[in-house]
Amino acid sequence: MVTLFVSNRAIIGQHVYIGGNTLIFGSTIIGDFSIIDSNVIIGYPKKSHLLEILNRPSLDTMSSIIETLDKLSSGARISSHTIIRSGTIIYENVRIGKKFETGHNVLIREDTIIGSNTKIGTGTVIDGKTRIGNNVNIQSNVYIPLLTVIEDDVFIGPGAIILNDKYPPSKKLVGVTIKRGAVIGGGSVILPGVTIGERAVVGAGSVVTKDVPPETVVIGAPAREYAKREDFDAKKRLYEESKY
């Protein structure tokens, strides 16, 4: 039984804690002052690499399987001051900035780029080839598919779903773009190809079927304009300042 595996190609910085039952594959880089919790996998090989195993002689032990996965993986790059909680799986060719943090059981697929000071909540799935900026806060149980672009300072509430396939299952995927400073309410659904403008707000439970202009608040299913961002911010200030 393998309780900890760190590839001999990996580069681990100073003051890095790595918990038990964790696997770190390939030429992964982990920056200084980071915490990698137990039962984490970093640098997991993408599907095309996994399929190569089918053409190899049978692998008799867990150790031989892990060594094979290690050889197939090109690793991930994770910057300093990162916290990755238990159950998280990060695939190869993922690049993450400083002060990154996950909840438990997060999945980040290959070829994803994430900026600095970004948080990914428990149970969230990021399905690869995605761009996420700096200072982004993604809450628990959010689904983010291929080709999504999320710019800096975005907030996405729990249970939000982003889609990329207009006629599923089809061979043509169209990504969603969420511009800088936007707020996506919990439980909302954003349809393929939609652009959420800068500092726009999507109300909780909304279904967004078309582009949302900058500085606009939309609610409902389908989502329609309800107010402007300045109205949202004013109500937020009053709420925060109230005693009850």
# chains A, B, ... in the order shown; residues from 1 in each chain; ligands from 1

call {"tool": "residues_around", "arguments": {"residues": "segment 89-91 of chain A", "least_positions_apart": "4", "cutoff": "9 Å", "atoms": "only C-alpha atoms", "output": "MDAnalysis selection string"}}
result
chainID A and resid 39:46 73 75:76 105:112 128

call {"tool": "select_by_dssp", "arguments": {"residues": "segment 41-230 of chain A", "states": "alpha helix (DSSP H)", "output": "JSON, numbers by chain"}}
result
{"A": [47, 48, 49, 50, 51, 52, 62, 63, 64, 65, 66, 67, 68, 69, 70, 71, 72, 229, 230]}

call {"tool": "write_last_selection", "arguments": {"atoms": "C-alpha atoms", "output": "PDB file, in the first residue's frame"}}
result
ATOM      1  CA  LYS A  47      -7.313  10.831 -20.515  1.00  0.00           C
ATOM      2  CA  SER A  48      -5.142  10.412 -23.623  1.00  0.00           C
ATOM      3  CA  HIS A  49      -2.211   9.473 -21.400  1.00  0.00           C
ATOM      4  CA  LEU A  50      -4.302   7.078 -19.341  1.00  0.00           C
ATOM      5  CA  LEU A  51      -5.373   5.249 -22.494  1.00  0.00           C
ATOM      6  CA  GLU A  52      -1.724   4.454 -23.160  1.00  0.00           C
ATOM      7  CA  MET A  62      -0.326  -0.568  -6.964  1.00  0.00           C
ATOM      8  CA  SER A  63       3.287   0.595  -6.943  1.00  0.00           C
ATOM      9  CA  SER A  64       3.726  -0.258 -10.631  1.00  0.00           C
ATOM     10  CA  ILE A  65       0.492   1.556 -11.521  1.00  0.00           C
ATOM     11  CA  ILE A  66       1.615   4.673  -9.673  1.00  0.00           C
ATOM     12  CA  GLU A  67       5.049   4.580 -11.273  1.00  0.00           C
ATOM     13  CA  THR A  68       3.434   4.300 -14.718  1.00  0.00           C
ATOM     14  CA  LEU A  69       1.116   7.246 -14.029  1.00  0.00           C
ATOM     15  CA  ASP A  70       4.124   9.227 -12.892  1.00  0.00           C
ATOM     16  CA  LYS A  71       5.989   8.561 -16.132  1.00  0.00           C
ATOM     17  CA  LEU A  72       2.966   9.634 -18.191  1.00  0.00           C
ATOM     18  CA  ARG A 229     -25.110  47.700 -10.193  1.00  0.00           C
ATOM     19  CA  GLU A 230     -25.161  51.005  -8.313  1.00  0.00           C
TER      20      GLU A 230
END

call {"tool": "select_by_dssp", "arguments": {"residues": "segment 28-219 of chain A", "states": "strand (DSSP E)", "output": "PyMOL selection string"}}
result
chain A and resi 29-30+35-36+41-44+77-78+83-84+89-91+95-96+101-102+107-108+113-114+119-120+125-126+131-132+137-138+143-144+149-150+155-156+161-162+177-178+183-184+189-190+195-196+201-202+207-208+216-219

call {"tool": "closest_residue", "arguments": {"among": "A:Leu238, A:Leu147, A:Leu4, A:Ile53", "to": "Asn21 of chain A", "atoms": "only C-alpha atoms"}}
result
A:Leu4

call {"tool": "residues_around", "arguments": {"residues": "Asn141 of chain A", "least_positions_apart": "6", "cutoff": "12 Å", "atoms": "only C-alpha atoms", "output": "ChimeraX atom specification"}}
result
/A:102-107,120-126,156-162,186-188
